[in-house]
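What follows is start-v2.cif (mmCIF, C-alpha atoms).
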```
data_entry
loop_
_atom_site.label_atom_id
_atom_site.label_comp_id
_atom_site.auth_asym_id
_atom_site.auth_seq_id
_atom_site.Cartn_x
_atom_site.Cartn_y
_atom_site.Cartn_z
CA MET A 1 -1.80 12.35 25.23
CA THR A 2 -0.65 11.84 21.66
CA ASP A 3 1.58 14.67 20.52
CA SER A 4 1.42 16.48 17.23
CA ARG A 5 4.84 15.60 15.89
CA GLU A 6 5.07 15.00 12.15
CA LEU A 7 7.39 12.67 10.32
CA ILE A 8 9.25 13.93 7.26
CA ARG A 9 9.07 11.02 4.84
CA SER A 10 12.24 11.85 2.96
CA ARG A 11 12.07 8.77 0.75
CA TYR A 12 9.07 10.20 -1.10
CA ILE A 13 10.06 13.87 -1.00
CA ASP A 14 13.48 13.02 -2.43
CA LYS A 15 11.84 11.04 -5.22
CA LEU A 16 9.51 13.92 -6.10
CA THR A 17 12.47 16.29 -6.08
CA GLN A 18 14.32 14.07 -8.54
CA LEU A 19 11.30 14.08 -10.88
CA LYS A 20 10.62 17.82 -10.65
CA GLY A 21 9.93 19.55 -13.94
CA ASN A 22 10.27 16.43 -16.10
CA GLY A 23 7.07 17.03 -18.08
CA MET A 24 5.31 14.05 -16.49
CA VAL A 25 2.45 13.81 -14.03
CA LYS A 26 3.87 12.69 -10.69
CA ALA A 27 1.23 10.53 -8.98
CA LEU A 28 1.30 9.48 -5.34
CA SER A 29 -1.07 6.57 -4.81
CA GLY A 30 -1.88 4.65 -1.66
CA MET A 31 -4.68 3.80 0.73
CA ARG A 32 -6.63 6.54 2.44
CA ASN A 33 -4.93 8.12 5.47
CA VAL A 34 -1.53 6.72 4.50
CA GLY A 35 -0.08 10.26 4.36
CA LYS A 36 -0.13 11.23 0.67
CA SER A 37 -1.50 14.73 1.20
CA THR A 38 0.98 15.34 4.02
CA ILE A 39 3.86 14.31 1.79
CA LEU A 40 2.70 16.67 -0.97
CA ARG A 41 2.33 19.52 1.55
CA GLN A 42 5.83 18.88 2.85
CA TYR A 43 7.10 18.86 -0.72
CA ARG A 44 5.32 22.15 -1.46
CA GLU A 45 6.98 23.65 1.60
CA SER A 46 10.36 22.49 0.31
CA LEU A 47 9.66 24.18 -3.04
CA VAL A 48 8.86 27.47 -1.30
CA ALA A 49 11.96 27.13 0.86
CA ASP A 50 13.98 26.74 -2.35
CA GLY A 51 12.55 29.96 -3.81
CA ARG A 52 9.34 28.98 -5.59
CA PRO A 53 6.81 31.86 -5.09
CA GLU A 54 3.76 30.65 -3.13
CA GLY A 55 1.52 32.46 -5.61
CA SER A 56 2.69 30.17 -8.40
CA ILE A 57 1.52 27.05 -6.55
CA ILE A 58 -2.08 25.94 -7.16
CA CYS A 59 -3.79 23.32 -4.98
CA VAL A 60 -7.00 21.54 -5.97
CA ASP A 61 -8.96 19.05 -3.86
CA CYS A 62 -11.47 17.26 -6.05
CA GLU A 63 -13.35 15.99 -2.97
CA SER A 64 -13.83 19.48 -1.51
CA LEU A 65 -16.97 21.59 -1.64
CA ASP A 66 -15.04 24.16 -3.67
CA PHE A 67 -14.76 21.63 -6.49
CA ASP A 68 -18.25 20.26 -6.09
CA GLY A 69 -20.13 20.42 -9.37
CA VAL A 70 -16.99 20.37 -11.53
CA ASP A 71 -17.63 17.62 -14.01
CA GLY A 72 -16.04 16.78 -17.31
CA THR A 73 -12.81 17.58 -19.10
CA ASP A 74 -13.70 21.09 -20.26
CA MET A 75 -14.95 22.27 -16.87
CA MET A 76 -11.95 20.91 -14.99
CA THR A 77 -9.50 22.39 -17.51
CA ALA A 78 -11.25 25.77 -17.39
CA ARG A 79 -11.31 25.86 -13.57
CA ILE A 80 -7.56 25.24 -13.34
CA ARG A 81 -6.75 27.71 -16.12
CA GLU A 82 -8.79 30.31 -14.26
CA ALA A 83 -6.83 29.65 -11.06
CA ALA A 84 -3.54 29.95 -12.98
CA GLY A 85 -4.52 33.26 -14.53
CA ASN A 86 -1.61 34.93 -16.29
CA LEU A 87 1.11 32.95 -14.55
CA GLU A 88 3.89 32.12 -16.95
CA PHE A 89 4.57 28.87 -15.09
CA TYR A 90 2.88 27.22 -12.11
CA VAL A 91 3.07 24.06 -10.01
CA LEU A 92 -0.24 22.20 -9.77
CA PHE A 93 -1.21 19.83 -6.95
CA ILE A 94 -4.45 17.84 -7.27
CA ASP A 95 -5.95 15.55 -4.62
CA GLU A 96 -8.16 12.70 -5.86
CA PRO A 97 -8.53 13.80 -9.52
CA GLU A 98 -10.25 10.51 -10.38
CA LYS A 99 -13.38 11.88 -8.72
CA VAL A 100 -13.90 14.07 -11.83
CA GLU A 101 -15.09 12.45 -15.02
CA GLY A 102 -12.65 13.18 -17.84
CA TRP A 103 -9.75 14.14 -15.55
CA THR A 104 -7.10 12.37 -17.65
CA ALA A 105 -7.99 14.45 -20.71
CA ALA A 106 -7.95 17.61 -18.59
CA LEU A 107 -4.43 16.86 -17.39
CA TYR A 108 -3.39 16.10 -20.95
CA ASN A 109 -4.63 19.53 -22.04
CA LEU A 110 -2.65 21.22 -19.29
CA LEU A 111 0.50 19.23 -20.05
CA GLN A 112 0.27 20.20 -23.71
CA GLU A 113 0.32 23.89 -22.76
CA GLY A 114 3.77 23.37 -21.24
CA ARG A 115 3.34 25.89 -18.44
CA CYS A 116 2.86 23.66 -15.38
CA ASP A 117 4.45 20.90 -13.35
CA ILE A 118 1.73 18.50 -12.13
CA TYR A 119 1.53 16.38 -8.97
CA ILE A 120 -1.50 14.34 -7.97
CA SER A 121 -2.50 12.07 -5.12
CA SER A 122 -4.96 9.21 -5.42
CA SER A 123 -6.40 6.65 -3.01
CA THR A 124 -6.76 4.28 -5.97
CA ASP A 125 -4.18 2.49 -8.06
CA ILE A 126 -4.32 4.73 -11.11
CA GLY A 127 -2.57 2.29 -13.43
CA PRO A 128 -5.81 0.57 -14.53
CA ILE A 129 -7.57 3.95 -14.77
CA ILE A 130 -5.10 5.62 -17.12
CA LYS A 131 -4.59 2.54 -19.28
CA GLY A 132 -5.63 3.53 -22.76
CA SER A 133 -6.01 7.22 -21.83
CA SER A 134 -4.23 10.19 -23.38
CA ILE A 135 -1.78 10.39 -20.45
CA LYS A 136 -0.96 6.68 -20.17
CA ASP A 137 2.68 7.34 -21.09
CA ARG A 138 3.00 10.58 -19.15
CA VAL A 139 2.41 9.45 -15.57
CA GLN A 140 4.98 8.29 -13.04
CA GLU A 141 3.19 6.53 -10.20
CA ILE A 142 4.78 6.35 -6.77
CA ARG A 143 3.04 4.05 -4.30
CA VAL A 144 2.97 5.39 -0.74
CA ASP A 145 3.11 2.59 1.79
CA PRO A 146 2.12 2.63 5.46
CA LEU A 147 4.96 3.55 7.79
CA SER A 148 7.83 1.11 8.09
CA LEU A 149 8.69 -0.06 11.61
CA GLN A 150 11.56 2.43 11.76
CA GLU A 151 9.26 5.27 10.66
CA PHE A 152 6.68 4.13 13.21
CA MET A 153 9.31 4.29 15.94
CA ASP A 154 10.56 7.69 14.79
CA LEU A 155 7.05 9.18 14.64
CA ASN A 156 6.13 7.89 18.08
CA GLY A 157 9.45 8.54 19.80
CA LEU A 158 10.06 4.84 20.51
CA THR A 159 13.44 3.21 20.97
CA ASP A 160 12.87 -0.45 21.84
CA PRO A 161 12.43 -2.50 18.64
CA ILE A 162 10.75 -5.50 20.24
CA SER A 163 7.97 -3.70 22.12
CA SER A 164 7.58 -1.29 19.18
CA CYS A 165 7.11 -4.22 16.79
CA GLU A 166 4.44 -5.71 19.04
CA ARG A 167 2.48 -2.44 18.98
CA TYR A 168 3.12 -1.99 15.24
CA SER A 169 1.79 -5.51 14.61
CA ARG A 170 -1.41 -4.50 16.37
CA ILE A 171 -2.17 -0.95 15.15
CA GLY A 172 -0.20 -0.86 11.88
CA GLY A 173 1.54 1.98 10.10
CA LEU A 174 -1.10 4.57 9.22
CA PRO A 175 0.19 7.91 10.60
CA ILE A 176 -3.22 8.90 12.00
CA VAL A 177 -2.93 6.15 14.63
CA ARG A 178 -0.34 6.65 17.37
CA ALA A 179 1.35 4.13 19.61
CA ASP A 180 0.15 5.72 22.86
CA MET A 181 -3.52 5.69 21.87
CA ASP A 182 -5.95 3.60 23.83
CA ASP A 183 -6.53 0.39 21.88
CA ASP A 184 -10.28 1.01 21.56
CA LEU A 185 -9.65 4.47 20.11
CA ALA A 186 -7.04 3.17 17.67
CA MET A 187 -9.38 0.41 16.45
CA ALA A 188 -12.25 2.90 16.07
CA ILE A 189 -10.09 5.18 13.89
CA LEU A 190 -8.96 2.23 11.79
CA ARG A 191 -12.52 0.96 11.33
CA SER A 192 -13.56 4.42 10.21
CA THR A 193 -10.69 4.45 7.73
CA LEU A 194 -11.66 1.03 6.37
CA SER A 195 -15.29 2.14 5.98
CA ASP A 196 -14.11 5.23 4.12
CA ILE A 197 -11.97 3.09 1.82
CA LEU A 198 -14.82 0.71 1.08
CA PHE A 199 -17.71 3.13 0.73
CA ASN A 200 -16.04 6.23 -0.70
CA GLY A 201 -13.41 4.36 -2.64
CA ALA A 202 -14.14 0.80 -3.65
CA LEU A 203 -17.91 1.06 -4.07
CA ASP A 204 -17.71 4.45 -5.75
CA GLN A 205 -14.94 3.35 -8.09
CA LYS A 206 -16.57 0.10 -9.16
CA GLY A 207 -20.15 1.34 -9.14
CA GLY A 208 -21.14 -1.29 -6.60
CA ASP A 209 -24.46 -1.31 -4.81
CA ASP A 210 -23.98 -4.02 -2.18
CA PRO A 211 -21.84 -2.75 0.71
CA GLU A 212 -22.69 -5.70 2.96
CA ARG A 213 -21.34 -8.17 0.42
CA LEU A 214 -18.19 -6.08 0.05
CA LYS A 215 -17.68 -6.08 3.82
CA ALA A 216 -18.25 -9.84 3.86
CA LEU A 217 -15.58 -10.25 1.20
CA VAL A 218 -13.05 -8.23 3.23
CA ARG A 219 -13.82 -10.26 6.37
CA PHE A 220 -13.38 -13.50 4.42
CA ILE A 221 -10.09 -12.42 2.84
CA MET A 222 -8.69 -11.12 6.14
CA GLY A 223 -9.61 -14.42 7.76
CA HIS A 224 -7.68 -16.37 5.14
CA LEU A 225 -4.52 -14.29 4.72
CA GLY A 226 -1.65 -16.24 3.20
CA GLN A 227 -3.85 -19.24 2.53
CA PRO A 228 -4.57 -20.52 -0.99
CA VAL A 229 -8.04 -19.31 -1.98
CA GLN A 230 -10.03 -20.19 -5.07
CA MET A 231 -12.72 -18.09 -6.69
CA LYS A 232 -15.38 -20.61 -5.74
CA ASP A 233 -14.46 -20.11 -2.07
CA ILE A 234 -15.07 -16.39 -2.46
CA THR A 235 -18.36 -16.72 -4.33
CA GLU A 236 -19.64 -19.11 -1.66
CA ALA A 237 -18.52 -16.78 1.15
CA ILE A 238 -20.37 -13.75 -0.25
CA ASP A 239 -23.19 -15.66 -1.98
CA LYS A 240 -22.64 -13.92 -5.32
CA ASN A 241 -21.53 -14.96 -8.78
CA GLN A 242 -17.95 -14.84 -10.07
CA LEU A 243 -18.47 -11.65 -12.07
CA PHE A 244 -19.54 -9.74 -8.94
CA ALA A 245 -16.82 -11.34 -6.82
CA ASP A 246 -14.11 -10.49 -9.33
CA LYS A 247 -15.31 -6.89 -9.48
CA CYS A 248 -15.15 -6.61 -5.69
CA LEU A 249 -11.70 -8.20 -5.57
CA LYS A 250 -10.41 -5.60 -7.99
CA ALA A 251 -11.97 -2.88 -5.87
CA ILE A 252 -10.23 -3.89 -2.64
CA THR A 253 -6.87 -4.55 -4.30
CA GLU A 254 -6.94 -1.33 -6.35
CA ASN A 255 -7.82 0.59 -3.18
CA PHE A 256 -4.85 -0.97 -1.37
CA VAL A 257 -6.76 -2.95 1.27
CA VAL A 258 -4.90 -6.14 0.35
CA PHE A 259 -2.19 -7.34 -2.00
CA GLU A 260 -2.88 -10.34 -4.22
CA GLN A 261 -0.21 -12.90 -4.98
CA GLU A 262 -1.16 -15.60 -7.46
CA ASP A 263 0.51 -18.98 -7.39
CA GLU A 264 2.39 -19.93 -10.54
CA GLY A 265 0.10 -21.20 -13.29
CA SER A 266 -3.12 -20.02 -11.63
CA LYS A 267 -3.57 -16.61 -13.24
CA LEU A 268 -6.11 -17.53 -15.90
CA LEU A 269 -8.08 -19.95 -13.75
CA LYS A 270 -8.16 -17.63 -10.71
CA SER A 271 -7.21 -20.59 -8.54
CA GLN A 272 -4.77 -20.65 -5.67
CA MET A 273 -4.83 -16.89 -5.08
CA ARG A 274 -3.23 -15.66 -1.87
CA PHE A 275 -3.93 -12.34 -0.17
CA TYR A 276 -1.92 -10.29 2.29
CA ALA A 277 -3.10 -7.31 4.32
CA SER A 278 -1.41 -4.08 3.23
CA ASP A 279 -1.53 -2.73 6.79
CA ALA A 280 -1.52 -4.66 10.06
CA GLY A 281 -3.88 -2.19 11.72
CA ILE A 282 -6.53 -2.50 9.01
CA ARG A 283 -6.43 -6.26 9.53
CA SER A 284 -6.62 -5.91 13.32
CA CYS A 285 -9.63 -3.58 13.27
CA ILE A 286 -11.90 -6.22 11.76
CA ARG A 287 -13.88 -7.76 14.57
CA GLY A 288 -12.87 -11.34 15.12
CA ALA A 289 -9.42 -10.94 13.53
CA GLY A 290 -7.01 -13.37 15.15
CA ARG A 291 -4.07 -12.13 17.20
CA GLU A 292 -1.87 -15.21 17.01
CA TRP A 293 1.44 -15.28 15.11
CA GLU A 294 -0.05 -17.31 12.27
CA ASP A 295 -2.77 -14.67 11.75
CA TYR A 296 -0.48 -11.79 10.83
CA ALA A 297 3.16 -12.86 10.34
CA ASP A 298 2.96 -13.77 6.64
CA SER A 299 1.32 -10.45 5.78
CA MET A 300 3.89 -8.42 7.68
CA VAL A 301 6.79 -10.19 5.98
CA TYR A 302 5.15 -9.86 2.57
CA THR A 303 4.36 -6.15 2.89
CA GLU A 304 7.88 -5.41 4.12
CA LEU A 305 9.30 -7.00 0.97
CA ILE A 306 6.80 -5.07 -1.16
CA ARG A 307 7.81 -1.83 0.59
CA ARG A 308 11.42 -2.46 -0.40
CA GLY A 309 10.34 -2.72 -4.02
CA TYR A 310 11.15 -6.39 -4.43
CA GLU A 311 9.45 -8.51 -7.07
CA ILE A 312 8.07 -11.45 -5.11
CA LYS A 313 7.50 -14.98 -6.29
CA MET A 314 6.27 -17.93 -4.29
CA GLU A 315 7.83 -21.35 -4.18
CA LYS A 316 6.29 -24.16 -2.21
CA TYR A 317 6.97 -27.79 -1.50
CA GLY A 318 4.01 -29.51 0.07
CA GLU A 319 2.82 -27.32 2.92
CA THR A 320 6.07 -25.34 3.10
CA ALA A 321 6.04 -22.03 1.23
CA ALA A 322 8.56 -19.22 0.84
CA PHE A 323 8.55 -15.68 -0.51
CA VAL A 324 11.39 -15.47 -3.01
CA ALA A 325 13.04 -12.11 -3.69
CA ASP A 326 16.28 -10.91 -5.25
CA THR A 327 17.87 -8.70 -2.60
CA PRO A 328 21.12 -6.67 -2.57
CA LYS A 329 22.69 -9.75 -0.95
CA GLY A 330 21.38 -12.20 -3.53
CA ARG A 331 18.33 -14.40 -3.81
CA ALA A 332 16.60 -14.93 -0.49
CA TYR A 333 13.80 -17.22 0.61
CA TYR A 334 11.71 -15.69 3.38
CA MET A 335 9.64 -18.01 5.55
CA ALA A 336 7.43 -16.99 8.46
CA SER A 337 6.88 -19.87 10.85
CA PRO A 338 5.99 -20.24 14.53
CA THR A 339 8.99 -22.49 15.19
CA VAL A 340 12.45 -22.95 13.72
CA THR A 341 12.46 -25.67 11.07
CA PRO A 342 15.30 -28.19 11.34
CA ASP A 343 18.07 -27.34 8.89
CA GLU A 344 17.95 -30.60 6.97
CA GLU A 345 14.29 -30.21 5.92
CA PRO A 346 14.43 -26.82 4.09
CA VAL A 347 17.86 -27.62 2.68
CA ARG A 348 16.48 -30.79 1.14
CA LYS A 349 13.31 -29.15 -0.23
CA PHE A 350 14.61 -25.82 -1.47
CA GLY A 351 18.29 -26.55 -1.99
CA PHE A 352 19.66 -23.80 0.24
CA GLY A 353 23.38 -23.31 0.61
CA PRO A 354 26.47 -21.65 -0.90
CA LYS A 355 26.48 -23.99 -3.89
CA THR A 356 23.06 -22.83 -5.08
CA GLY A 357 23.32 -19.23 -3.87
CA LYS A 358 19.96 -19.60 -2.14
CA ARG A 359 19.70 -17.99 1.28
CA ARG A 360 17.04 -18.88 3.84
CA ILE A 361 15.65 -16.25 6.19
CA GLN A 362 13.32 -17.84 8.68
CA VAL A 363 11.20 -15.24 10.47
CA VAL A 364 9.98 -16.47 13.82
CA PRO A 365 8.47 -15.16 17.07
CA ARG A 366 10.93 -13.60 19.49
CA SER A 367 10.87 -16.74 21.64
CA GLU A 368 12.45 -18.71 18.79
CA VAL A 369 15.30 -16.34 17.91
CA SER A 370 17.83 -18.14 20.11
CA LYS A 371 17.23 -21.30 18.05
CA GLY A 372 18.50 -19.72 14.84
CA GLY A 373 15.55 -17.78 13.48
CA MET A 374 15.27 -14.06 12.78
CA GLY A 375 12.83 -12.04 14.85
CA LEU A 376 10.13 -10.09 13.05
CA SER A 377 11.45 -6.77 14.36
CA ASP A 378 14.91 -7.61 13.01
CA LEU A 379 13.49 -8.25 9.55
CA LEU A 380 11.35 -5.12 9.57
CA LEU A 381 14.39 -3.04 10.51
CA GLY A 382 16.40 -4.50 7.62
CA ASN A 383 18.76 -6.67 9.62
CA ASP A 384 18.44 -9.45 7.04
CA LEU A 385 20.61 -7.23 4.79
CA VAL A 386 23.33 -6.70 7.39
CA GLU A 387 26.45 -8.87 7.42
#
```
What does the file become when written as structure tokens?
Amino acid sequence: MTDSRELIRSRYIDKLTQLKGNGMVKALSGMRNVGKSTILRQYRESLVADGRPEGSIICVDCESLDFDGVDGTDMMTARIREAAGNLEFYVLFIDEPEKVEGWTAALYNLLQEGRCDIYISSSTDIGPIIKGSSIKDRVQEIRVDPLSLQEFMDLNGLTDPISSCERYSRIGGLPIVRADMDDDLAMAILRSTLSDILFNGALDQKGGDDPERLKALVRFIMGHLGQPVQMKDITEAIDKNQLFADKCLKAITENFVVFEQEDEGSKLLKSQMRFYASDAGIRSCIRGAGREWEDYADSMVYTELIRRGYEIKMEKYGETAAFVADTPKGRAYYMASPTVTPDEEPVRKFGFGPKTGKRRIQVVPRSEVSKGGMGLSDLLLGNDLVE
């Protein structure tokens, strides 16, 4: 039976601690069930442990029945002021504030009073939401990613990297899914999460009214991960016009279902877009999702680099493509491939070597490691940065 152990995600708690009391709104954003609320609870517990009176901490869940009916800037501001009462200073935690119309102005009002430190969590990328709002320059967004492989192993009490990586590649890094779960149960939980993301997040956020088309879009994208996709491919797949398709694409990217990486020069034309699943489990739970190396490897490499905070570019020569990132050890070219490519071919195409300062990291299945590649588990554990 799955135990009830809980992982302390120090990376995020330490960041919140560094930003404490800086007069900004600290915003944790990430897909549903990624652990944002747990992180904020752990952070609240650390505040109390450091001497903050529990009575000076106010928690608001904008999706709860207690907040049902609160609508508009004035009502939200008044409700929080009422909860704060005569407190000289309080710490305010708000889950899903974007569910309330006028929430940005409400937070601006509270910031202007200078008597609170504000933390929020959102299942939506709030950058586009706050753009042009009164708090656009007063928010520090921290994206919460699914568990890394090391975190997955720590949470589940695992010690073998190779078998752990195989399970991680299947069920992903959402903390609600555990390694010892029956596969059917894990997939059912992940499908429920995806439905929640789509119907209570993406559709609600974008005002959509066609859930079947949105599901068709997700199935299409997940079936073409890492492949160049043009807008016309998407409109044909969902049988809708470009305006609708673009709206749905924004919904699934802003709700962290997938990451979008555009090829150089394609931004305005919306051609040659590439998508990568933000969590391996969310990809796996879609019926018909492939389980071969080529189906998931690119996404897992890409999301690991994103988790590290790297800015990623793509370079390609013919059919050969690489994720390019500036790492602590210099510029690296990451390639996921089912077999080890002969040295002379990538050297000729990309110019790898000490003279150029370009370093190749070829991520391959475990069976290919002895031929000079790096196993996926090694990459996910950061061994590409070890001498």
Name the residues that the PyMOL selection byres ((chain A and resi 111) around 12) picks from the file above, as a short mmCIF file (atom, residue, chain, number, x, y, z; two decimals) with C-alpha atoms, in the coordinates of the input, using the file's chain letters and numbers.
```cif
data_model
loop_
_atom_site.label_atom_id
_atom_site.label_comp_id
_atom_site.auth_asym_id
_atom_site.auth_seq_id
_atom_site.Cartn_x
_atom_site.Cartn_y
_atom_site.Cartn_z
CA GLY A 21 9.93 19.55 -13.94
CA ASN A 22 10.27 16.43 -16.10
CA GLY A 23 7.07 17.03 -18.08
CA MET A 24 5.31 14.05 -16.49
CA VAL A 25 2.45 13.81 -14.03
CA LYS A 26 3.87 12.69 -10.69
CA THR A 77 -9.50 22.39 -17.51
CA ARG A 81 -6.75 27.71 -16.12
CA PHE A 89 4.57 28.87 -15.09
CA TYR A 90 2.88 27.22 -12.11
CA VAL A 91 3.07 24.06 -10.01
CA LEU A 92 -0.24 22.20 -9.77
CA THR A 104 -7.10 12.37 -17.65
CA ALA A 105 -7.99 14.45 -20.71
CA ALA A 106 -7.95 17.61 -18.59
CA LEU A 107 -4.43 16.86 -17.39
CA TYR A 108 -3.39 16.10 -20.95
CA ASN A 109 -4.63 19.53 -22.04
CA LEU A 110 -2.65 21.22 -19.29
CA GLN A 112 0.27 20.20 -23.71
CA GLU A 113 0.32 23.89 -22.76
CA GLY A 114 3.77 23.37 -21.24
CA ARG A 115 3.34 25.89 -18.44
CA CYS A 116 2.86 23.66 -15.38
CA ASP A 117 4.45 20.90 -13.35
CA ILE A 118 1.73 18.50 -12.13
CA TYR A 119 1.53 16.38 -8.97
CA SER A 134 -4.23 10.19 -23.38
CA ILE A 135 -1.78 10.39 -20.45
CA ARG A 138 3.00 10.58 -19.15
CA VAL A 139 2.41 9.45 -15.57
#
```
Run the PyMOL selection byres ((chain A and resi 180) around 12) against the file shown and list the residues it catches, as a PDB file with C-alpha atoms, in the coordinates of the input.
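Contents of out05.pdb, freshly written:
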```
ATOM      1  CA  MET A   1      -1.800  12.350  25.230  1.00  0.00           C
ATOM      2  CA  THR A   2      -0.650  11.840  21.660  1.00  0.00           C
ATOM      3  CA  ASP A   3       1.580  14.670  20.520  1.00  0.00           C
ATOM      4  CA  PHE A 152       6.680   4.130  13.210  1.00  0.00           C
ATOM      5  CA  MET A 153       9.310   4.290  15.940  1.00  0.00           C
ATOM      6  CA  LEU A 155       7.050   9.180  14.640  1.00  0.00           C
ATOM      7  CA  ASN A 156       6.130   7.890  18.080  1.00  0.00           C
ATOM      8  CA  GLY A 157       9.450   8.540  19.800  1.00  0.00           C
ATOM      9  CA  LEU A 158      10.060   4.840  20.510  1.00  0.00           C
ATOM     10  CA  SER A 164       7.580  -1.290  19.180  1.00  0.00           C
ATOM     11  CA  ARG A 167       2.480  -2.440  18.980  1.00  0.00           C
ATOM     12  CA  TYR A 168       3.120  -1.990  15.240  1.00  0.00           C
ATOM     13  CA  ILE A 171      -2.170  -0.950  15.150  1.00  0.00           C
ATOM     14  CA  ILE A 176      -3.220   8.900  12.000  1.00  0.00           C
ATOM     15  CA  VAL A 177      -2.930   6.150  14.630  1.00  0.00           C
ATOM     16  CA  ARG A 178      -0.340   6.650  17.370  1.00  0.00           C
ATOM     17  CA  ALA A 179       1.350   4.130  19.610  1.00  0.00           C
ATOM     18  CA  MET A 181      -3.520   5.690  21.870  1.00  0.00           C
ATOM     19  CA  ASP A 182      -5.950   3.600  23.830  1.00  0.00           C
ATOM     20  CA  ASP A 183      -6.530   0.390  21.880  1.00  0.00           C
ATOM     21  CA  ASP A 184     -10.280   1.010  21.560  1.00  0.00           C
ATOM     22  CA  LEU A 185      -9.650   4.470  20.110  1.00  0.00           C
ATOM     23  CA  ALA A 186      -7.040   3.170  17.670  1.00  0.00           C
TER      24      ALA A 186
END
```
The PyMOL selection byres ((chain A and resi 283) around 12) applied to the shown file, residues as a count of residues only:
42
Quick one: pull the distance between atom CA of Ala84 of chain A and atom CA of Ile126 of chain A, Å, one decimal.
25.3 Å
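Minimum atom-to-atom distances from A:Ile162, A:Ala188, A:Ala322, A:Val48 to Val301 of chain A were compared using only C-alpha atoms, and the lowest value belongs to A:Ala322.
Nearest residue to Val363 of chain A, choosing from A:Leu380, A:Met76, A:Val100, A:Ala336 and counting all atoms listed in the file: A:Ala336.
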Can you tell me how far atom CA of Met374 of chain A sits from atom CA of Tyr310 of chain A, in Å to one decimal?
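So the answer is 19.3 Å.
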For segment 143-149 of chain A, list every protein, DNA or RNA residue within 6 Å, evaluated using only C-alpha atoms, and leave out those in the same chain fewer than 5 positions away; present the list as a PyMOL selection string.
chain A and resi 28-30+34+173-174
Only C-alpha atoms, please: the residues just picked out, written as a short mmCIF file (atom, residue, chain, number, x, y, z; two decimals), in the coordinates of the input.
```cif
data_model
loop_
_atom_site.label_atom_id
_atom_site.label_comp_id
_atom_site.auth_asym_id
_atom_site.auth_seq_id
_atom_site.Cartn_x
_atom_site.Cartn_y
_atom_site.Cartn_z
CA LEU A 28 1.30 9.48 -5.34
CA SER A 29 -1.07 6.57 -4.81
CA GLY A 30 -1.88 4.65 -1.66
CA VAL A 34 -1.53 6.72 4.50
CA GLY A 173 1.54 1.98 10.10
CA LEU A 174 -1.10 4.57 9.22
#
```
Do you have the atom CA of Glu82 of chain A-atom CA of Ser56 of chain A distance handy?
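That distance, rounded to one decimal, is 12.9 Å.
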Residue nearest Ser195 of chain A among A:Pro211, A:Gly373, A:Pro53, A:Gly35 (counting all atoms listed in the file):
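Closest candidate: A:Pro211.
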For Glu236 of chain A, please output as a PyMOL selection string all residues within 12 Å (counting all atoms listed in the file; exclusion window: fewer than 5 positions along the same chain).
chain A and resi 213+216-217+220+229-231+241-242+244-245
Any chance you could build segment 94-105 of chain A out to N, CA and C atoms and write it as a PDB file, in the coordinates of the input?
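The result, written out as selection19.pdb:
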```pdb
ATOM      1  N   ILE A  94      -3.043  18.244  -7.234  1.00  0.00           N
ATOM      2  CA  ILE A  94      -4.450  17.840  -7.270  1.00  0.00           C
ATOM      3  C   ILE A  94      -4.645  16.602  -6.401  1.00  0.00           C
ATOM      4  N   ASP A  95      -5.561  16.707  -5.436  1.00  0.00           N
ATOM      5  CA  ASP A  95      -5.950  15.550  -4.620  1.00  0.00           C
ATOM      6  C   ASP A  95      -7.153  14.866  -5.245  1.00  0.00           C
ATOM      7  N   GLU A  96      -7.067  13.558  -5.387  1.00  0.00           N
ATOM      8  CA  GLU A  96      -8.160  12.700  -5.860  1.00  0.00           C
ATOM      9  C   GLU A  96      -8.774  13.148  -7.183  1.00  0.00           C
ATOM     10  N   PRO A  97      -7.976  13.343  -8.234  1.00  0.00           N
ATOM     11  CA  PRO A  97      -8.530  13.800  -9.520  1.00  0.00           C
ATOM     12  C   PRO A  97      -9.498  12.808 -10.141  1.00  0.00           C
ATOM     13  N   GLU A  98      -9.379  11.528  -9.777  1.00  0.00           N
ATOM     14  CA  GLU A  98     -10.250  10.510 -10.380  1.00  0.00           C
ATOM     15  C   GLU A  98     -11.719  10.704 -10.022  1.00  0.00           C
ATOM     16  N   LYS A  99     -11.995  11.597  -9.074  1.00  0.00           N
ATOM     17  CA  LYS A  99     -13.380  11.880  -8.720  1.00  0.00           C
ATOM     18  C   LYS A  99     -14.091  12.698  -9.816  1.00  0.00           C
ATOM     19  N   VAL A 100     -13.329  13.251 -10.750  1.00  0.00           N
ATOM     20  CA  VAL A 100     -13.900  14.070 -11.830  1.00  0.00           C
ATOM     21  C   VAL A 100     -13.873  13.283 -13.135  1.00  0.00           C
ATOM     22  N   GLU A 101     -15.016  13.127 -13.729  1.00  0.00           N
ATOM     23  CA  GLU A 101     -15.090  12.450 -15.020  1.00  0.00           C
ATOM     24  C   GLU A 101     -14.268  13.235 -16.054  1.00  0.00           C
ATOM     25  N   GLY A 102     -13.435  12.524 -16.804  1.00  0.00           N
ATOM     26  CA  GLY A 102     -12.650  13.180 -17.840  1.00  0.00           C
ATOM     27  C   GLY A 102     -11.376  13.835 -17.338  1.00  0.00           C
ATOM     28  N   TRP A 103     -10.929  13.473 -16.127  1.00  0.00           N
ATOM     29  CA  TRP A 103      -9.750  14.140 -15.550  1.00  0.00           C
ATOM     30  C   TRP A 103      -8.471  13.860 -16.330  1.00  0.00           C
ATOM     31  N   THR A 104      -8.343  12.681 -16.924  1.00  0.00           N
ATOM     32  CA  THR A 104      -7.100  12.370 -17.650  1.00  0.00           C
ATOM     33  C   THR A 104      -6.944  13.292 -18.861  1.00  0.00           C
ATOM     34  N   ALA A 105      -8.048  13.554 -19.560  1.00  0.00           N
ATOM     35  CA  ALA A 105      -7.990  14.450 -20.710  1.00  0.00           C
ATOM     36  C   ALA A 105      -7.703  15.885 -20.273  1.00  0.00           C
TER      37      ALA A 105
END
```
